[in-house]
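Have a look at work_18.cif; it's mmCIF, C-alpha atoms:
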```
data_entry
loop_
_atom_site.label_atom_id
_atom_site.label_comp_id
_atom_site.auth_asym_id
_atom_site.auth_seq_id
_atom_site.Cartn_x
_atom_site.Cartn_y
_atom_site.Cartn_z
CA MET N 74 39.77 106.88 201.34
CA ILE N 75 40.79 104.20 198.87
CA TYR N 76 38.11 103.25 196.34
CA LEU N 77 38.63 100.12 194.20
CA ALA N 78 37.05 100.34 190.75
CA ASP N 79 36.54 98.00 187.80
CA PHE N 80 35.35 100.08 184.85
CA HIS N 81 35.39 97.59 181.98
CA ILE N 82 32.60 95.03 182.18
CA HIS N 83 29.73 93.95 179.94
CA SER N 84 26.01 93.56 180.51
CA LYS N 85 23.69 90.72 179.58
CA TYR N 86 23.08 92.59 176.31
CA SER N 87 26.57 91.92 174.97
CA ARG N 88 27.33 88.87 172.89
CA ALA N 89 29.01 85.91 174.61
CA THR N 90 28.04 87.31 178.01
CA SER N 91 26.31 85.66 180.95
CA ARG N 92 22.59 86.36 181.32
CA LEU N 93 23.41 87.04 184.99
CA MET N 94 25.21 90.27 184.08
CA ASP N 95 22.37 92.36 185.46
CA LEU N 96 22.37 94.99 188.19
CA GLU N 97 21.33 92.57 190.92
CA HIS N 98 24.12 90.05 190.32
CA LEU N 99 26.76 92.65 189.49
CA THR N 100 26.05 94.36 192.80
CA THR N 101 26.19 91.11 194.77
CA TYR N 102 29.46 89.86 193.30
CA ALA N 103 31.18 93.26 193.23
CA ARG N 104 30.54 93.50 196.97
CA MET N 105 31.92 89.99 197.54
CA LYS N 106 35.04 90.93 195.59
CA GLY N 107 35.58 94.11 197.59
CA LEU N 108 34.92 96.67 194.86
CA HIS N 109 33.55 100.11 195.71
CA LEU N 110 32.82 101.26 192.16
CA LEU N 111 31.81 99.40 189.02
CA GLY N 112 31.49 100.52 185.42
CA THR N 113 28.02 100.04 184.01
CA GLY N 114 29.37 98.69 180.73
CA ASP N 115 27.33 98.77 177.53
CA PHE N 116 25.75 102.22 177.91
CA THR N 117 25.22 102.14 174.14
CA HIS N 118 22.56 99.44 174.35
CA PRO N 119 19.07 101.04 174.56
CA LYS N 120 17.58 98.36 176.85
CA TRP N 121 20.51 98.44 179.24
CA LEU N 122 20.48 102.24 179.30
CA GLU N 123 16.81 102.09 180.22
CA GLU N 124 17.57 99.75 183.13
CA LEU N 125 20.39 102.01 184.30
CA SER N 126 18.05 105.00 184.40
CA SER N 127 16.37 103.54 187.49
CA MET N 128 19.44 104.32 189.60
CA GLU N 129 19.88 107.40 191.76
CA GLU N 130 22.67 109.79 190.72
CA GLN N 131 24.96 112.09 192.67
CA GLU N 132 27.88 113.94 191.06
CA GLY N 133 28.23 111.44 188.23
CA ILE N 134 28.02 108.34 190.44
CA TYR N 135 24.91 106.14 190.17
CA VAL N 136 23.81 103.92 193.04
CA TYR N 137 21.98 100.59 193.00
CA ASN N 138 21.52 98.66 196.24
CA ASP N 139 24.39 100.57 197.87
CA MET N 140 26.80 99.76 195.02
CA ASN N 141 28.31 102.67 193.09
CA PHE N 142 28.34 102.71 189.29
CA LEU N 143 30.00 104.98 186.74
CA VAL N 144 28.72 105.18 183.15
CA THR N 145 31.05 103.19 180.88
CA GLY N 146 30.99 101.28 177.64
CA GLU N 147 33.29 99.60 175.14
CA ILE N 148 33.04 100.61 171.48
CA SER N 149 34.82 99.00 168.53
CA THR N 150 36.10 100.91 165.51
CA VAL N 151 36.86 98.91 162.38
CA TYR N 152 38.41 100.65 159.38
CA GLU N 153 41.25 100.56 156.88
CA GLN N 154 44.42 102.56 157.32
CA GLY N 155 47.81 102.13 155.69
CA GLY N 156 46.54 99.28 153.53
CA LYS N 157 45.57 97.23 156.60
CA LEU N 158 42.27 96.49 158.33
CA ARG N 159 42.33 98.04 161.80
CA LYS N 160 40.20 96.88 164.72
CA VAL N 161 40.56 98.98 167.85
CA HIS N 162 38.43 98.77 170.99
CA HIS N 163 37.93 101.87 173.13
CA LEU N 164 36.69 102.13 176.72
CA VAL N 165 34.57 105.26 177.23
CA LEU N 166 33.83 106.85 180.62
CA LEU N 167 31.04 109.43 180.85
CA PRO N 168 29.82 111.80 183.59
CA SER N 169 26.11 111.08 183.15
CA LEU N 170 23.39 109.01 181.50
CA GLU N 171 22.36 112.20 179.68
CA SER N 172 25.79 112.25 178.05
CA ALA N 173 25.29 108.59 177.11
CA GLU N 174 22.06 109.47 175.33
CA LEU N 175 23.83 112.17 173.31
CA VAL N 176 26.59 109.75 172.32
CA ASN N 177 24.09 107.06 171.39
CA ASP N 178 22.12 109.42 169.17
CA ALA N 179 25.29 110.31 167.28
CA ILE N 180 26.79 106.85 166.81
CA SER N 181 23.43 105.24 165.96
CA GLU N 182 24.01 106.70 162.50
CA HIS N 183 26.90 104.26 162.12
CA ALA N 184 25.64 101.10 163.86
CA ASN N 185 22.57 99.24 165.08
CA LEU N 186 22.92 99.76 168.83
CA GLU N 187 20.37 97.07 169.69
CA ALA N 188 22.45 94.36 168.00
CA ASP N 189 25.20 94.19 170.65
CA GLY N 190 26.28 95.90 173.85
CA ARG N 191 29.64 96.56 172.22
CA PRO N 192 28.79 98.25 168.90
CA ILE N 193 31.07 98.24 165.86
CA LEU N 194 31.57 101.57 164.11
CA PRO N 195 33.09 101.85 160.60
CA ILE N 196 34.99 105.03 161.46
CA SER N 197 38.63 105.77 162.34
CA SER N 198 39.92 106.08 165.88
CA PRO N 199 40.67 109.83 165.66
CA GLU N 200 37.23 110.49 164.17
CA PHE N 201 35.69 108.48 167.02
CA VAL N 202 37.51 110.52 169.67
CA GLU N 203 36.50 113.76 167.99
CA ILE N 204 32.82 112.75 167.91
CA ILE N 205 32.74 111.72 171.59
CA LEU N 206 34.49 114.84 172.88
CA SER N 207 32.37 117.17 170.76
CA LEU N 208 29.32 115.76 172.57
CA GLU N 209 30.86 115.42 176.05
CA PRO N 210 34.13 117.31 176.71
CA LYS N 211 34.55 115.54 180.07
CA ALA N 212 34.45 112.09 178.52
CA LEU N 213 37.50 109.85 178.86
CA ILE N 214 38.54 107.58 175.98
CA ILE N 215 40.88 104.77 177.01
CA PRO N 216 42.43 102.31 174.51
CA ALA N 217 40.99 99.00 175.74
CA HIS N 218 43.16 95.90 176.41
CA ALA N 219 45.82 97.73 174.41
CA TRP N 220 48.02 94.74 173.55
CA THR N 221 45.60 91.96 172.59
CA PRO N 222 46.29 90.67 169.07
CA TRP N 223 43.02 91.39 167.26
CA PHE N 224 41.42 94.35 169.01
CA GLY N 225 44.17 96.24 170.87
CA VAL N 226 45.75 99.49 169.71
CA PHE N 227 49.15 97.70 169.75
CA GLY N 228 47.77 94.29 168.72
CA SER N 229 49.86 92.12 166.40
CA LYS N 230 46.92 91.35 164.07
CA SER N 231 45.22 94.70 163.49
CA GLY N 232 46.87 97.31 165.67
CA PHE N 233 49.46 100.06 165.31
CA ASP N 234 53.07 100.57 166.33
CA SER N 235 52.34 103.77 168.25
CA LEU N 236 49.47 105.73 169.78
CA ARG N 237 50.27 108.61 167.43
CA GLU N 238 49.84 106.37 164.40
CA CYS N 239 46.42 105.33 165.66
CA TYR N 240 44.93 108.50 167.14
CA GLN N 241 46.88 111.06 165.06
CA ASP N 242 45.91 114.64 166.02
CA GLN N 243 43.57 113.33 168.73
CA THR N 244 46.38 111.63 170.67
CA LYS N 245 46.50 114.70 172.94
CA HIS N 246 43.10 113.66 174.30
CA ILE N 247 44.22 110.17 175.32
CA TYR N 248 45.13 110.27 179.03
CA GLY N 249 45.07 106.62 179.93
CA LEU N 250 45.63 103.13 178.58
CA GLU N 251 44.17 99.79 179.68
CA THR N 252 47.01 97.31 180.03
CA GLY N 253 44.81 94.20 179.75
CA LEU N 254 45.20 90.86 181.49
CA SER N 255 48.23 89.79 179.45
CA SER N 256 50.39 92.77 180.38
CA ASP N 257 51.17 94.67 183.56
CA PRO N 258 52.51 98.19 184.19
CA ALA N 259 56.13 96.99 184.28
CA MET N 260 55.83 95.76 180.69
CA ASN N 261 54.27 99.05 179.59
CA TRP N 262 56.99 101.12 181.30
CA ARG N 263 59.35 99.88 178.58
CA LEU N 264 57.66 102.20 176.05
CA SER N 265 58.68 105.81 176.57
CA GLU N 266 55.68 106.91 174.48
CA LEU N 267 53.42 105.88 177.36
CA ASP N 268 55.15 108.07 179.96
CA GLY N 269 52.61 110.24 181.76
CA LEU N 270 49.62 108.13 180.74
CA THR N 271 47.52 106.54 183.47
CA LEU N 272 47.98 102.78 183.15
CA MET N 273 44.62 101.29 184.06
CA SER N 274 43.53 97.75 184.88
CA ASN N 275 40.02 96.35 184.46
CA SER N 276 38.50 92.89 184.21
CA ASP N 277 36.70 93.13 180.83
CA SER N 278 34.35 90.68 182.50
CA HIS N 279 31.60 88.86 180.61
CA SER N 280 30.63 86.94 183.75
CA PRO N 281 29.60 88.32 187.15
CA TYR N 282 31.46 85.70 189.17
CA PRO N 283 34.33 86.80 191.43
CA TRP N 284 36.95 84.94 189.40
CA ARG N 285 36.14 87.26 186.47
CA ILE N 286 34.70 90.51 187.83
CA GLY N 287 37.30 92.66 189.58
CA ARG N 288 40.18 90.32 188.77
CA GLU N 289 41.92 93.57 187.84
CA ALA N 290 41.06 96.96 189.34
CA ASN N 291 42.10 100.57 189.89
CA ALA N 292 42.60 102.19 193.30
CA PHE N 293 41.64 105.86 193.74
CA ASP N 294 42.58 107.86 196.84
CA LEU N 295 39.72 110.37 197.06
CA LYS N 296 38.10 112.46 199.78
CA GLU N 297 34.73 112.03 198.05
CA LEU N 298 33.66 109.62 195.35
CA ASN N 299 32.48 111.55 192.30
CA TYR N 300 33.12 111.74 188.56
CA LYS N 301 35.18 114.90 188.94
CA GLY N 302 37.67 113.14 191.21
CA ILE N 303 37.85 110.08 188.94
CA TYR N 304 38.38 112.28 185.88
CA LYS N 305 41.15 114.29 187.55
CA ALA N 306 42.98 111.19 188.79
CA ILE N 307 42.96 109.56 185.34
CA ARG N 308 43.86 112.72 183.45
CA HIS N 309 46.82 113.47 185.71
CA ASN N 310 48.12 109.93 186.41
CA GLN N 311 47.13 110.00 190.08
CA LEU N 312 45.94 106.45 190.74
CA ALA N 313 46.97 105.16 194.16
CA PHE N 314 47.80 101.77 192.64
CA THR N 315 46.35 99.09 190.38
CA ILE N 316 45.54 95.44 191.01
CA GLU N 317 46.87 93.12 188.31
CA VAL N 318 46.74 89.43 187.60
CA ASP N 319 50.11 87.92 186.75
CA PRO N 320 50.35 88.73 183.00
CA SER N 321 51.14 85.08 182.33
CA TYR N 322 47.55 84.35 183.40
CA GLY N 323 46.19 86.36 180.45
CA LYS N 324 44.93 84.60 177.34
CA TYR N 325 47.46 86.21 175.01
CA HIS N 326 50.71 86.48 176.96
CA TRP N 327 52.89 84.06 174.94
CA ASP N 328 52.80 83.15 171.25
CA GLY N 329 51.16 80.02 169.92
CA HIS N 330 48.36 78.12 168.22
CA ARG N 331 45.53 76.83 170.36
CA ASN N 332 44.31 74.29 167.79
CA CYS N 333 47.81 72.88 167.44
CA GLY N 334 48.55 72.89 171.15
CA VAL N 335 51.64 75.01 170.50
CA ARG N 336 52.71 77.46 173.24
CA LEU N 337 55.98 79.36 172.72
CA GLU N 338 57.91 82.12 174.45
CA PRO N 339 58.72 84.98 172.03
CA LYS N 340 62.41 84.08 171.58
CA GLU N 341 61.50 80.55 170.48
CA ALA N 342 58.77 81.87 168.16
CA MET N 343 61.25 84.27 166.58
CA ARG N 344 63.72 81.41 166.08
CA LEU N 345 60.98 79.61 164.13
CA GLY N 346 60.25 82.70 162.04
CA ASN N 347 56.93 83.12 163.90
CA ILE N 348 55.62 80.06 162.05
CA CYS N 349 53.76 77.25 163.83
CA PRO N 350 55.90 74.07 163.80
CA VAL N 351 52.74 71.92 163.46
CA CYS N 352 50.53 73.53 160.80
CA LYS N 353 53.23 75.78 159.26
CA LYS N 354 50.94 78.82 159.40
CA PRO N 355 51.75 82.15 161.14
CA LEU N 356 51.54 82.00 164.93
CA THR N 357 49.26 84.22 166.97
CA LEU N 358 51.83 86.59 168.45
CA GLY N 359 51.11 87.41 172.05
CA VAL N 360 51.50 90.49 174.17
CA LEU N 361 55.03 89.79 175.41
CA HIS N 362 56.19 89.45 171.80
CA ARG N 363 54.69 92.83 170.86
CA VAL N 364 56.22 94.53 173.88
CA GLU N 365 59.62 93.20 172.83
CA GLU N 366 59.07 94.51 169.30
CA LEU N 367 58.02 98.03 170.35
CA ALA N 368 60.01 98.59 173.55
CA ASP N 369 62.69 101.29 173.55
CA ARG N 370 63.76 100.55 177.14
CA PRO N 371 65.24 97.48 178.85
CA GLU N 372 63.28 95.12 181.04
CA GLY N 373 63.13 96.45 184.59
CA PHE N 374 63.08 100.15 183.69
CA ILE N 375 60.87 102.23 186.04
CA PRO N 376 59.79 105.76 185.01
CA LYS N 377 59.80 108.52 187.63
CA GLU N 378 56.00 108.91 187.47
CA ALA N 379 55.29 105.17 187.66
CA ARG N 380 52.40 104.21 189.94
CA PRO N 381 52.65 101.06 192.10
CA PHE N 382 50.73 97.86 191.42
CA LYS N 383 49.85 94.65 193.25
CA SER N 384 49.88 91.25 191.52
CA LEU N 385 47.12 88.82 192.53
CA LEU N 386 45.23 85.83 191.22
CA PRO N 387 41.51 85.39 192.02
CA LEU N 388 40.79 83.45 195.21
CA HIS N 389 38.66 80.98 193.24
CA GLU N 390 41.68 80.16 191.06
CA VAL N 391 43.81 79.46 194.12
CA ILE N 392 41.20 77.27 195.81
CA SER N 393 40.47 75.39 192.59
CA LYS N 394 44.11 74.60 191.92
CA VAL N 395 45.08 73.71 195.48
CA HIS N 396 42.14 71.35 195.97
CA HIS N 397 41.91 70.02 192.40
CA HIS N 398 38.28 71.03 191.87
CA ASN N 399 36.56 72.71 188.95
CA LEU N 400 36.61 76.49 189.20
CA SER N 401 32.82 76.79 189.58
CA SER N 402 32.26 73.63 191.65
CA GLN N 403 30.22 73.81 194.83
CA SER N 404 33.19 72.77 196.95
CA VAL N 405 35.21 75.75 195.67
CA TRP N 406 32.25 78.07 196.29
CA ASP N 407 31.81 76.69 199.82
CA LEU N 408 35.41 77.38 200.79
CA TYR N 409 35.37 80.76 199.04
CA ASN N 410 32.30 81.76 201.03
CA LYS N 411 33.98 80.70 204.28
CA PHE N 412 36.81 83.13 203.62
CA VAL N 413 34.56 85.97 202.47
CA ASN N 414 32.01 85.56 205.28
CA GLU N 415 34.79 85.52 207.86
CA PHE N 416 36.85 88.45 206.58
CA GLY N 417 34.43 90.63 204.59
CA ASN N 418 35.50 90.35 200.95
CA GLU N 419 38.00 88.70 198.63
CA TYR N 420 40.46 91.60 198.39
CA GLU N 421 40.68 91.72 202.17
CA VAL N 422 41.57 88.03 202.16
CA LEU N 423 44.18 88.32 199.42
CA LEU N 424 45.82 91.56 200.58
CA ASN N 425 45.39 92.21 204.28
CA VAL N 426 44.27 89.39 206.58
CA ASN N 427 46.93 87.97 208.90
CA MET N 428 48.26 84.63 207.67
CA GLU N 429 47.48 82.81 210.90
CA GLU N 430 43.86 83.93 210.60
CA LEU N 431 43.73 82.61 207.02
CA ARG N 432 45.24 79.28 208.08
CA ARG N 433 42.34 78.81 210.49
CA ILE N 434 40.09 78.52 207.44
CA ASP N 435 42.39 76.51 205.16
CA ARG N 436 46.15 76.08 205.59
CA ARG N 437 46.78 74.99 202.00
CA VAL N 438 45.09 78.02 200.49
CA ALA N 439 46.69 80.34 203.05
CA ASP N 440 50.18 79.14 202.16
CA VAL N 441 49.59 79.86 198.47
CA ILE N 442 48.25 83.33 199.34
CA GLN N 443 51.43 83.96 201.30
CA LYS N 444 53.53 82.99 198.28
CA MET N 445 51.38 85.31 196.14
CA ARG N 446 51.94 88.23 198.51
CA GLU N 447 55.67 87.58 198.34
CA GLY N 448 55.66 87.44 194.53
CA ARG N 449 56.71 83.80 194.41
CA LEU N 450 53.82 82.24 192.48
CA ARG N 451 54.46 80.62 189.11
CA VAL N 452 51.94 80.67 186.26
CA ARG N 453 52.12 78.66 183.06
CA PRO N 454 51.64 81.38 180.39
CA GLY N 455 48.41 81.73 178.46
CA TYR N 456 48.45 81.85 174.65
CA ASP N 457 46.12 82.25 171.65
CA GLY N 458 42.95 82.58 173.74
CA VAL N 459 43.89 80.03 176.43
CA TYR N 460 44.18 81.30 180.01
CA GLY N 461 47.38 80.75 181.94
CA GLU N 462 47.44 78.20 184.75
CA LEU N 463 48.63 78.55 188.32
CA ILE N 464 51.43 76.08 189.11
CA VAL N 465 51.34 74.63 192.61
CA GLU N 466 54.67 72.92 193.22
CA LYS N 467 54.55 69.22 194.06
CA LYS N 468 56.84 69.76 197.06
CA LEU N 469 54.36 72.28 198.44
CA MET N 470 51.42 69.95 197.83
CA ASP N 471 53.23 67.05 199.54
CA PHE N 472 53.95 69.29 202.51
CA MET N 473 50.28 70.22 202.73
#
```

As structure tokens, how would this structure be written, given the file I've shared?
Amino acid sequence: MIYLADFHIHSKYSRATSRLMDLEHLTTYARMKGLHLLGTGDFTHPKWLEELSSMEEQEGIYVYNDMNFLVTGEISTVYEQGGKLRKVHHLVLLPSLESAELVNDAISEHANLEADGRPILPISSPEFVEIILSLEPKALIIPAHAWTPWFGVFGSKSGFDSLRECYQDQTKHIYGLETGLSSDPAMNWRLSELDGLTLMSNSDSHSPYPWRIGREANAFDLKELNYKGIYKAIRHNQLAFTIEVDPSYGKYHWDGHRNCGVRLEPKEAMRLGNICPVCKKPLTLGVLHRVEELADRPEGFIPKEARPFKSLLPLHEVISKVHHHNLSSQSVWDLYNKFVNEFGNEYEVLLNVNMEELRRIDRRVADVIQKMREGRLRVRPGYDGVYGELIVEKKLMDFM
């Protein structure tokens, strides 16, 4: 059976996160999206860990209201290496809440865990990996949103040029990498260093709504859902596939300056010496730029062990753009609910439902979904913290 999982989310105890990121709302919206498994997020926060302890557990999977959860959290390490301040975020997967308690006891020596659901530790990445695995050998440490400028392992602002440079002798314990919204597997295939790693996709959601939660996900083909199966699949690059947003949709795909309204493709930024033409300060270099800098393979290269992926945009985004309504407006919700109530969940709508059936609900939205399935959508690239924007061609709109 195929299980769709989003492991990287945050709870209401993380900064800049919706107060609705509680078990009740996470369960409701994960089910609407079509997810079978959700990361708990923020296991390091004492109050959230206490709330999680109310769930029933079986083989490393915790259940709340018929929704499955796996113990996860994001932890930041901030330290100096090579004369540069490094800021690297790590996604941690654990087999139990008991393991989470052991980890929390150890890292509480380095940070106030009640201050934020994503704690900041003043230790190096290899030291962090060593601490976690000494406490829980079956833990998985995944470099989070690996390419984002400020907090990714390959980020242009505070990252490294290789996994080995970052994790040093602990690199052997890194089995996966989170590609992030601004990159997809095809971009990561251009780095031979990543061969054999499981390229994972998660939402990093700070909001429970379906246009954030599950916008990226991992598909596991398992006979039974348990931590052992998840661990094996990630360690041995055995995902069935991943669900990706178009990388142009991500907030850091192209280069630019948000305050200056400057958005540039990497070649144009390089021509300008990576300097903003408005304020004359260094540009925020996006993910595509960094891939070009570090790649040792041409665009289009596909490794033998590459796993397939599907490119989607959230249904809310499609409805909002087609009908010119705000993303969270009631009219968008009403049409979204028509689709979900009719066909079960959002992924079913985007991936599987017959086009004629979709056109019964809304022909305009159905036609855009068809273009998405065929890989013909266009997205204006995001940059410097600004999300990309779906482009609906005028000819198509006139036809509708």

**Asked** Once the PyMOL selection byres ((chain N and resi 326-342) around 12) has been applied to the shown file, what residues remain in the selection, as a PyMOL selection string?
**Response** chain N and resi 220-222+228-229+252-257+260+318-325+343-366+452-462

For the residues selected in the previous step, produce a file with C-alpha atoms as a tab-separated table (two decimals), keeping the file's coordinate frame.
```tsv
chain	number	residue	atom	x	y	z
N	220	TRP	CA	48.02	94.74	173.55
N	221	THR	CA	45.60	91.96	172.59
N	222	PRO	CA	46.29	90.67	169.07
N	228	GLY	CA	47.77	94.29	168.72
N	229	SER	CA	49.86	92.12	166.40
N	252	THR	CA	47.01	97.31	180.03
N	253	GLY	CA	44.81	94.20	179.75
N	254	LEU	CA	45.20	90.86	181.49
N	255	SER	CA	48.23	89.79	179.45
N	256	SER	CA	50.39	92.77	180.38
N	257	ASP	CA	51.17	94.67	183.56
N	260	MET	CA	55.83	95.76	180.69
N	318	VAL	CA	46.74	89.43	187.60
N	319	ASP	CA	50.11	87.92	186.75
N	320	PRO	CA	50.35	88.73	183.00
N	321	SER	CA	51.14	85.08	182.33
N	322	TYR	CA	47.55	84.35	183.40
N	323	GLY	CA	46.19	86.36	180.45
N	324	LYS	CA	44.93	84.60	177.34
N	325	TYR	CA	47.46	86.21	175.01
N	343	MET	CA	61.25	84.27	166.58
N	344	ARG	CA	63.72	81.41	166.08
N	345	LEU	CA	60.98	79.61	164.13
N	346	GLY	CA	60.25	82.70	162.04
N	347	ASN	CA	56.93	83.12	163.90
N	348	ILE	CA	55.62	80.06	162.05
N	349	CYS	CA	53.76	77.25	163.83
N	350	PRO	CA	55.90	74.07	163.80
N	351	VAL	CA	52.74	71.92	163.46
N	352	CYS	CA	50.53	73.53	160.80
N	353	LYS	CA	53.23	75.78	159.26
N	354	LYS	CA	50.94	78.82	159.40
N	355	PRO	CA	51.75	82.15	161.14
N	356	LEU	CA	51.54	82.00	164.93
N	357	THR	CA	49.26	84.22	166.97
N	358	LEU	CA	51.83	86.59	168.45
N	359	GLY	CA	51.11	87.41	172.05
N	360	VAL	CA	51.50	90.49	174.17
N	361	LEU	CA	55.03	89.79	175.41
N	362	HIS	CA	56.19	89.45	171.80
N	363	ARG	CA	54.69	92.83	170.86
N	364	VAL	CA	56.22	94.53	173.88
N	365	GLU	CA	59.62	93.20	172.83
N	366	GLU	CA	59.07	94.51	169.30
N	452	VAL	CA	51.94	80.67	186.26
N	453	ARG	CA	52.12	78.66	183.06
N	454	PRO	CA	51.64	81.38	180.39
N	455	GLY	CA	48.41	81.73	178.46
N	456	TYR	CA	48.45	81.85	174.65
N	457	ASP	CA	46.12	82.25	171.65
N	458	GLY	CA	42.95	82.58	173.74
N	459	VAL	CA	43.89	80.03	176.43
N	460	TYR	CA	44.18	81.30	180.01
N	461	GLY	CA	47.38	80.75	181.94
N	462	GLU	CA	47.44	78.20	184.75
```

**Asked** Expressed in Å to a single decimal, how great is the separation between CA of Glu209 (chain N) and CA of Ala184 (chain N)?
**Response** 19.5 Å

Around (24.8, 86.9, 180.7) in the file's own coordinates, what residues are found within 12 Å if you use only C-alpha atoms, given back as an mmCIF file with C-alpha atoms, keeping the file's coordinate frame?
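Okay, this is what ended up in point-v1.cif:
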```cif
data_model
loop_
_atom_site.group_PDB
_atom_site.id
_atom_site.type_symbol
_atom_site.label_atom_id
_atom_site.label_comp_id
_atom_site.auth_asym_id
_atom_site.auth_seq_id
_atom_site.Cartn_x
_atom_site.Cartn_y
_atom_site.Cartn_z
ATOM 1 C CA ILE N 82 32.600 95.030 182.180
ATOM 2 C CA HIS N 83 29.730 93.950 179.940
ATOM 3 C CA SER N 84 26.010 93.560 180.510
ATOM 4 C CA LYS N 85 23.690 90.720 179.580
ATOM 5 C CA TYR N 86 23.080 92.590 176.310
ATOM 6 C CA SER N 87 26.570 91.920 174.970
ATOM 7 C CA ARG N 88 27.330 88.870 172.890
ATOM 8 C CA ALA N 89 29.010 85.910 174.610
ATOM 9 C CA THR N 90 28.040 87.310 178.010
ATOM 10 C CA SER N 91 26.310 85.660 180.950
ATOM 11 C CA ARG N 92 22.590 86.360 181.320
ATOM 12 C CA LEU N 93 23.410 87.040 184.990
ATOM 13 C CA MET N 94 25.210 90.270 184.080
ATOM 14 C CA ASP N 95 22.370 92.360 185.460
ATOM 15 C CA LEU N 96 22.370 94.990 188.190
ATOM 16 C CA HIS N 98 24.120 90.050 190.320
ATOM 17 C CA LEU N 99 26.760 92.650 189.490
ATOM 18 C CA GLY N 190 26.280 95.900 173.850
ATOM 19 C CA SER N 278 34.350 90.680 182.500
ATOM 20 C CA HIS N 279 31.600 88.860 180.610
ATOM 21 C CA SER N 280 30.630 86.940 183.750
ATOM 22 C CA PRO N 281 29.600 88.320 187.150
ATOM 23 C CA TYR N 282 31.460 85.700 189.170
#
```

**Request:** For Thr150 (chain N), please output as a ChimeraX atom specification all residues within 8 Å (counting all atoms listed in the file; exclusion window: fewer than 6 positions along the same chain).
**Result:** /N:159-163,193-198,201

Show me a table, sorted first by chain and then by increasing residue number, of the residues of region 263-346 of chain N having an atom at most 7 Å from region 238-251 of chain N, each with its shortest atom pair and the distance in Å to one decimal, counting all atoms listed in the file and written as CSV.
```
residue,atom,partner,partner_atom,distance
N:Leu270,CA,N:Gly249,CA,4.9
N:Thr271,CA,N:Gly249,CA,4.3
N:Leu272,CA,N:Leu250,CA,5.2
N:Met273,CA,N:Glu251,CA,4.7
N:Ser274,CA,N:Glu251,CA,5.6
N:Ile307,CA,N:Gly249,CA,6.5
N:Arg308,CA,N:Tyr248,CA,5.2
```
